[in-house]
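Read the structure below first, then the notes.
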Amino acid sequence: MSISSGATAAPRGGAVGSPLLAVDDLQVEFRTGSGVVNAVNGISYTLAQGETLAILGESGSGKSVSAQAIMGILDTPPAHITGGTVVFEGRDLLTLPPEEQRQVRGPGISMIFQDALSALNPVYSVGFQIGEMFRAHQGLSKKDAKRKAVELMDRVRIPAAAQRVNDYPHQFSGGMRQRVMIAMAIALDPKILIADEPTTALDVTVQAQVMDLLKDLQRDTGMGLILITHDLGVVNEVADNVAVMYAGRIVERGTVDDVFSRPAMPYTEGLMTSIPRVEAKGGRLVPISGQPPNLARIPSGCPFHPRCPRRRIGAEAAPGRDCAVDHPPLRLVVPGREAACHYSEEVLGV
Amino acid sequence: MTDRHLTDAGHDEVGAGRVTGVADAADTQNETETATQGSLWSDAWKALRKSVLFWLGAVLGVGFILMAVFPQLFARGAKPRDCDLANSADPPSAAHWFGFDQQGCDYLAQVVYGARNSLIIGVLAVLFILLLGVIVGAIAGFYGGFTDGLLSRVADIFYAMPLILGALVLLRVGPSTDIPVISDRGAGAVAIALAAFGWMTAMRLVRSQVISVKSGDYVAAARAMGAGDTRILVRHILPNAVAPVLVYATITVGILIAAEATLTFLGVGLQRPAISWGLQINEGQNLLRTAPHIVLFPSAVLTLTVMAFILMGDALRDALDPRQRS
Amino acid sequence: MGRYVARRLLLTIPVMLGASFLIFAMVFALPGDPIAALAGDRPIAPAVAAQLRDDFNLGDPLWLQYAKYVGDLVQGDFGTDFAGRPVLDTILQRLPVTAKLALVAVLFEIVIGIVAGVLAGIRRNSFFDNLVLVSTTIVVSVPILVLAFLAQFVFGLKLELFPIAGVRDGWYSYLLPGLVLAAGSVAYVARLTRTSMAENLRADYVRTARAKGLKPSTVVVRHTLRNSLIPVVTFIGADIGTLMGGAIVTETVFNIPGIGRAVFESIQRQEGAVVVGIVTLLVFFFIFFNLVVDVLYAVLDPRIRYD
């Protein structure tokens, strides 16, 4: 990820390339019978080749919705993309004709979902569903597509792929099903893979295997990986950079090492202290108090202020920096780090 | 019951079955049982009040019941038995809105007075069905095992027999037997025949409710406190079946009214001189070319009556199913 | 699967026996004199009455009468009517007529019901969707008896588009009664398809299909319609059995010489052997098509396996 100010955060170990994807001021709202829900409120980021960007947030923070907006697979209505650009290979995907947008999905950007059991069609064999990628985008015959499907299943390390190609999703274990999803997603060697909570539905040991697989595939292909998750452990292990989302906004971003070791935003700080750490054994777990915000009525000022232990309101606040009144923009707080907090310097202790 | 409504009864089992989820979800917790039941009904009423279809059905239904109870209010002064053959099959006119039937009777009065038998048979048959359904269903669901297997197979046997067909045979054979009520070809006989071949859906409904609820914690708690089978059934299990059974019963009244008209039309239901829409349609069938009003008026009123109950039942089902709202 | 089907076939035997016994008992065993009932208002000679008692084994206890009847039945002997005509002949003559009627009805269900349901399901809350909802609500409320006369009156007498009685015009004469017979099921199929489509369109795997970059038509047909049709196809399959046994009113009003009218006529004439024979056959169809549907389910939905 590169930061808008121009200061580039180097991915750990990964090759740095030119930006593959540039999301700018993306906004999504849901228009429902009971009002408008502002799910994504102007998020921006870029993704470089070979980079792993983790988008971290609670459920309802807009992380999945923004990913689906990039893919162009939101249900409209109720979802409406109300602003922003998503530039991929020099073209704004949001203004592309539907047919060209469709052709990007698969060979350009592809996506895997949280629950592979419901995300795979129960009435088709896994081989058919993987092969569909080749049939739809490369016009392969059914037979050739199936042969390719077996190769892919081998590649994602599904044992006895040739025998299992005609099996149905429900006949696989959770981890194997997620591998099927991955095989489908990487079938056309996409430039970018978006993984939406890829391991949440899996057992811990299987989680690690699937993450290893994703990392290996990324190393082999050099694809950019957007990892949407609420699992700090996964972020810490595999991501280069992290963007923390809250109430449809990015509230902090930087390299994983920096953000995890020294958060610059009280919400991130709260996330870090809410997880048990090995070294802090016996220490107390501190949950973030309060409820996630209602996206139909996002609080004024800083959306996090009702839950923020460091908030300054009224007389306590510096002029123009009242947490309940003034909205904090995402700003560069130290080189390589952006945060949306009026008092980040204080949080960082600089 | 008509050819089609037989399948409807089957569909209704599917449809009404959806409602069972309501009670399942609402009543697994002991202490909140009464409260959730209460809010189920008040929520349902709130949803019902806003349903146009419900009000349409309710207005039609009330109109039909008034017609059955106070036919003189609707007959515009005509008596159904005052007939003059000089007027035979005369078409509708300003003075006689529905015209005359073949015997020269005022047809508005005839059609209006026909409502009573439909209502009596529809309600009576549903009551018999509920009685049979609740008893057999509760026994099957509560005792399970062999009893359940046996009773369920019996229900399968009845299911395999089209309702109209079974009722037709029973009503045709009835008069030559010495069984009281069945042999006299009256409203009671028709209601019994309909119930004898139409109780299975109610039974399955109650059975599935009983099975889903009896494993609940509060039933175990009641049992631990020494409550007997009957008490558990009556106090704890059956109240949960009320919502789906009410939906089923409402729709079924409409379906059974149509079935009664059909059986009577076929000649095995009510007999002259009874006044019945089925008899009127039967009488008019050969006059469709020259005096179509004789078939069309009772048909229209019959349809509106059936529609009233189906609309109310559908609206009730939607209102009682929280998954329909959000 | 084979074992499952065999087991299910075995299980249908008690249901068929039970249903035919039920009818048998109603016809022959209710209190009262069955021969007087058989004769109805007609005077009957003592010799004929004795012959009938003998034919129907009325001297035996009920279970033995029934056992003898079933014994004949499994040998293909459905017995004879009062005129001495084999019941099987009547069945074989009337059945094709009802089968044609049911086929026409099923075609209506497939063509009108599914198409209307798919379009309504794809365009939820559109004008067409509301039209489907309102019209199906109305159709479901119209008793088939009323529908039959209404169709005769409007399409037969007023518009003179269709014959109103008999089957003299071949397949064409089946269209109107077929539509009447199918109407309720058409409405149900439309609703079922609509609900199923609308639900499946929100399914995760449809989102996956779009994420794969499939064409919108592929997403709808292959990944939504295919899944949505599972309950619809199984309903239609089971409905064939219901239609076969449920055509009494339609066949009577439209004067169609099918199995439904045959059973109605024999009920009126109290032809016990014919009634029991035909009802047993209709019950068999009902059970058979339900079994077919269960097997079909497993074929259409790979998650269901009967072992």
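Each chain of the structure tokens is named A, B, ... in the order shown, its residues numbered from 1; ligands are numbered from 1 in display order.
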
>> Give me the residues near range 64-72 of chain B as a ChimeraX atom specification, where near means some atom within 10 Å (using only C-alpha atoms) and where sequence neighbours in that chain fewer than 5 positions away do not count.
In response: /B:58-59,77-80,109-120,301-302,304-306,308

Same residues, C-alpha atoms, output as a short mmCIF file (atom, residue, chain, number, x, y, z; two decimals), in the first residue's frame:
data_model
loop_
_atom_site.label_atom_id
_atom_site.label_comp_id
_atom_site.auth_asym_id
_atom_site.auth_seq_id
_atom_site.Cartn_x
_atom_site.Cartn_y
_atom_site.Cartn_z
CA ALA B 58 -62.62 -9.47 6.65
CA VAL B 59 -65.25 -7.25 5.00
CA GLY B 77 -88.09 -8.05 0.91
CA ALA B 78 -88.34 -11.19 -1.19
CA LYS B 79 -88.97 -14.59 0.40
CA PRO B 80 -87.11 -17.57 -1.05
CA ALA B 109 -83.47 -14.29 -2.05
CA GLN B 110 -82.47 -17.79 -3.16
CA VAL B 111 -78.78 -16.94 -3.32
CA VAL B 112 -78.83 -14.95 -0.07
CA TYR B 113 -80.60 -17.70 1.84
CA GLY B 114 -78.06 -20.20 0.50
CA ALA B 115 -75.31 -18.66 2.64
CA ARG B 116 -76.58 -20.21 5.85
CA ASN B 117 -76.04 -23.83 4.81
CA SER B 118 -72.59 -23.01 3.48
CA LEU B 119 -71.58 -21.37 6.74
CA ILE B 120 -73.03 -24.16 8.89
CA VAL B 301 -71.15 -15.27 -4.25
CA LEU B 302 -69.55 -18.65 -3.59
CA LEU B 304 -66.30 -14.25 -2.90
CA THR B 305 -67.02 -16.30 0.20
CA VAL B 306 -64.15 -18.69 -0.44
CA ALA B 308 -62.82 -14.07 2.06
#

Please, which residues in chain A fall within 7 Å of chain C when counting only C-alpha atoms, and what is the closest atom pair and distance in Å to one decimal for each, ordered by chain then residue number, as JSON lines?
{"residue": "A:Met71", "atom": "CA", "partner": "C:Ala211", "partner_atom": "CA", "distance": 6.7}
{"residue": "A:Ile73", "atom": "CA", "partner": "C:Arg210", "partner_atom": "CA", "distance": 6.3}
{"residue": "A:Arg102", "atom": "CA", "partner": "C:Gly213", "partner_atom": "CA", "distance": 4.8}
{"residue": "A:Gln103", "atom": "CA", "partner": "C:Gly213", "partner_atom": "CA", "distance": 6.0}
{"residue": "A:Arg105", "atom": "CA", "partner": "C:Gly213", "partner_atom": "CA", "distance": 4.6}
{"residue": "A:Gly106", "atom": "CA", "partner": "C:Lys212", "partner_atom": "CA", "distance": 5.2}
{"residue": "A:Ser110", "atom": "CA", "partner": "C:Ala211", "partner_atom": "CA", "distance": 6.5}
{"residue": "A:Met111", "atom": "CA", "partner": "C:Ala211", "partner_atom": "CA", "distance": 6.5}
{"residue": "A:Ser118", "atom": "CA", "partner": "C:Asp204", "partner_atom": "CA", "distance": 5.6}
{"residue": "A:Ala119", "atom": "CA", "partner": "C:Tyr205", "partner_atom": "CA", "distance": 4.1}
{"residue": "A:Leu120", "atom": "CA", "partner": "C:Tyr205", "partner_atom": "CA", "distance": 5.0}
{"residue": "A:Asn121", "atom": "CA", "partner": "C:Tyr205", "partner_atom": "CA", "distance": 5.2}
{"residue": "A:Val123", "atom": "CA", "partner": "C:Asp301", "partner_atom": "CA", "distance": 5.7}
{"residue": "A:Met133", "atom": "CA", "partner": "C:Lys212", "partner_atom": "CA", "distance": 6.6}
{"residue": "A:Ala136", "atom": "CA", "partner": "C:Leu214", "partner_atom": "CA", "distance": 6.0}
{"residue": "A:His170", "atom": "CA", "partner": "C:Arg303", "partner_atom": "CA", "distance": 6.7}

Export, as a short mmCIF file (atom, residue, chain, number, x, y, z; two decimals), in the first residue's frame, the selected residues with N, CA and C atoms.
data_model
loop_
_atom_site.label_atom_id
_atom_site.label_comp_id
_atom_site.auth_asym_id
_atom_site.auth_seq_id
_atom_site.Cartn_x
_atom_site.Cartn_y
_atom_site.Cartn_z
N MET A 71 -15.57 -5.22 -6.72
CA MET A 71 -15.86 -6.33 -7.63
C MET A 71 -17.04 -6.03 -8.55
N ILE A 73 -20.22 -6.43 -7.58
CA ILE A 73 -21.22 -7.48 -7.36
C ILE A 73 -22.19 -7.12 -6.25
N ARG A 102 -17.62 -7.12 -16.25
CA ARG A 102 -17.72 -8.56 -16.07
C ARG A 102 -16.43 -9.26 -16.49
N GLN A 103 -15.83 -8.76 -17.57
CA GLN A 103 -14.63 -9.43 -18.07
C GLN A 103 -13.43 -9.21 -17.16
N ARG A 105 -13.78 -9.39 -13.87
CA ARG A 105 -13.98 -10.34 -12.77
C ARG A 105 -13.50 -11.72 -13.21
N GLY A 106 -12.52 -12.24 -12.48
CA GLY A 106 -11.98 -13.54 -12.86
C GLY A 106 -10.54 -13.39 -13.30
N SER A 110 -10.36 -11.30 -8.62
CA SER A 110 -11.32 -12.32 -8.23
C SER A 110 -11.41 -12.37 -6.73
N MET A 111 -12.38 -13.13 -6.25
CA MET A 111 -12.73 -13.01 -4.84
C MET A 111 -13.09 -14.37 -4.26
N SER A 118 -21.90 -22.19 1.53
CA SER A 118 -23.01 -21.47 0.92
C SER A 118 -22.57 -20.70 -0.31
N ALA A 119 -21.27 -20.48 -0.45
CA ALA A 119 -20.79 -19.71 -1.60
C ALA A 119 -20.59 -20.58 -2.84
N LEU A 120 -20.61 -21.90 -2.65
CA LEU A 120 -20.54 -22.79 -3.82
C LEU A 120 -21.94 -23.29 -4.11
N ASN A 121 -22.25 -23.41 -5.39
CA ASN A 121 -23.59 -23.87 -5.76
C ASN A 121 -23.72 -25.36 -5.44
N VAL A 123 -25.66 -27.68 -6.36
CA VAL A 123 -26.14 -28.66 -7.34
C VAL A 123 -25.14 -28.92 -8.48
N MET A 133 -14.94 -21.13 -15.01
CA MET A 133 -14.10 -19.95 -15.24
C MET A 133 -13.51 -20.01 -16.65
N ALA A 136 -16.31 -19.68 -19.36
CA ALA A 136 -16.90 -18.35 -19.49
C ALA A 136 -15.91 -17.34 -20.07
N HIS A 170 -20.89 -30.36 -0.87
CA HIS A 170 -21.21 -30.86 0.47
C HIS A 170 -20.42 -32.11 0.83
#

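Comparing the minimum interatomic distances between Ala193 in chain B and each of C:Ala238, C:Ile267, C:Ala165, C:Met26, counting only C-alpha atoms, we find that C:Met26 sits nearest.
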
> DSSP says alpha helix (DSSP H) for which residues of range 100-267 of chain C? Put them as a ChimeraX atom specification?
Replying inline: /C:100-108,115-122,127-141,144-151,172-201,204-211,216-220,226-245,248-253,259-267

Contact table chain B vs chain C, cut-off 7 Å, shortest pair per residue, only C-alpha atoms, as CSV:
residue,atom,partner,partner_atom,distance
B:Thr2,CA,C:Ile144,CA,5.6
B:Asp3,CA,C:Gly246,CA,4.4
B:Arg4,CA,C:Gly184,CA,5.6
B:Thr7,CA,C:Thr242,CA,6.9
B:Asp156,CA,C:Val15,CA,6.6
B:Ile157,CA,C:Val15,CA,5.0
B:Phe158,CA,C:Ala19,CA,6.7
B:Ala160,CA,C:Val283,CA,5.4
B:Met161,CA,C:Val283,CA,6.1
B:Pro162,CA,C:Gly246,CA,6.5
B:Val169,CA,C:Ile267,CA,6.3
B:Leu170,CA,C:Met26,CA,6.5
B:Arg172,CA,C:Ile267,CA,7.0
B:Val173,CA,C:Val27,CA,6.6
B:Ser176,CA,C:Ala37,CA,5.5
B:Thr177,CA,C:Gly32,CA,4.5
B:Asp178,CA,C:Gly32,CA,6.0
B:Ala258,CA,C:Pro143,CA,5.8
B:Thr262,CA,C:Leu145,CA,6.5
B:Leu288,CA,C:Phe153,CA,6.9
B:Arg289,CA,C:Leu157,CA,6.8
B:Ser299,CA,C:Val146,CA,5.5
B:Thr303,CA,C:Val142,CA,5.2
B:Val306,CA,C:Ser141,CA,5.8
B:Met307,CA,C:Ser141,CA,4.7
B:Ile310,CA,C:Ser141,CA,6.7

Same residues, C-alpha atoms, output as a PDB file, in the first residue's frame:
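This is the output file out_24.pdb:
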ATOM      1  CA  THR B   2     -62.906 -29.272  -5.838  1.00  0.00           C
ATOM      2  CA  ASP B   3     -60.275 -31.010  -7.874  1.00  0.00           C
ATOM      3  CA  ARG B   4     -57.899 -28.171  -7.368  1.00  0.00           C
ATOM      4  CA  THR B   7     -53.999 -29.864  -3.904  1.00  0.00           C
ATOM      5  CA  ASP B 156     -51.116 -41.519   4.739  1.00  0.00           C
ATOM      6  CA  ILE B 157     -53.929 -43.807   3.705  1.00  0.00           C
ATOM      7  CA  PHE B 158     -56.470 -41.017   3.934  1.00  0.00           C
ATOM      8  CA  ALA B 160     -53.877 -40.952  -0.786  1.00  0.00           C
ATOM      9  CA  MET B 161     -57.633 -40.650  -1.262  1.00  0.00           C
ATOM     10  CA  PRO B 162     -58.894 -37.494  -2.974  1.00  0.00           C
ATOM     11  CA  VAL B 169     -68.630 -42.432  -1.748  1.00  0.00           C
ATOM     12  CA  LEU B 170     -69.533 -41.948   1.904  1.00  0.00           C
ATOM     13  CA  ARG B 172     -73.716 -41.841  -1.657  1.00  0.00           C
ATOM     14  CA  VAL B 173     -73.667 -44.932   0.546  1.00  0.00           C
ATOM     15  CA  SER B 176     -78.803 -46.815   2.750  1.00  0.00           C
ATOM     16  CA  THR B 177     -77.108 -47.257   6.102  1.00  0.00           C
ATOM     17  CA  ASP B 178     -78.799 -46.871   9.466  1.00  0.00           C
ATOM     18  CA  ALA B 258     -66.283 -24.826  -1.960  1.00  0.00           C
ATOM     19  CA  THR B 262     -69.194 -29.240  -5.253  1.00  0.00           C
ATOM     20  CA  LEU B 288     -76.043 -21.676 -19.263  1.00  0.00           C
ATOM     21  CA  ARG B 289     -76.860 -20.670 -22.830  1.00  0.00           C
ATOM     22  CA  SER B 299     -70.959 -18.890  -8.460  1.00  0.00           C
ATOM     23  CA  THR B 303     -66.247 -17.405  -4.986  1.00  0.00           C
ATOM     24  CA  VAL B 306     -64.146 -18.695  -0.443  1.00  0.00           C
ATOM     25  CA  MET B 307     -61.910 -15.738  -1.243  1.00  0.00           C
ATOM     26  CA  ILE B 310     -58.418 -17.538   1.936  1.00  0.00           C
TER      27      ILE B 310
END
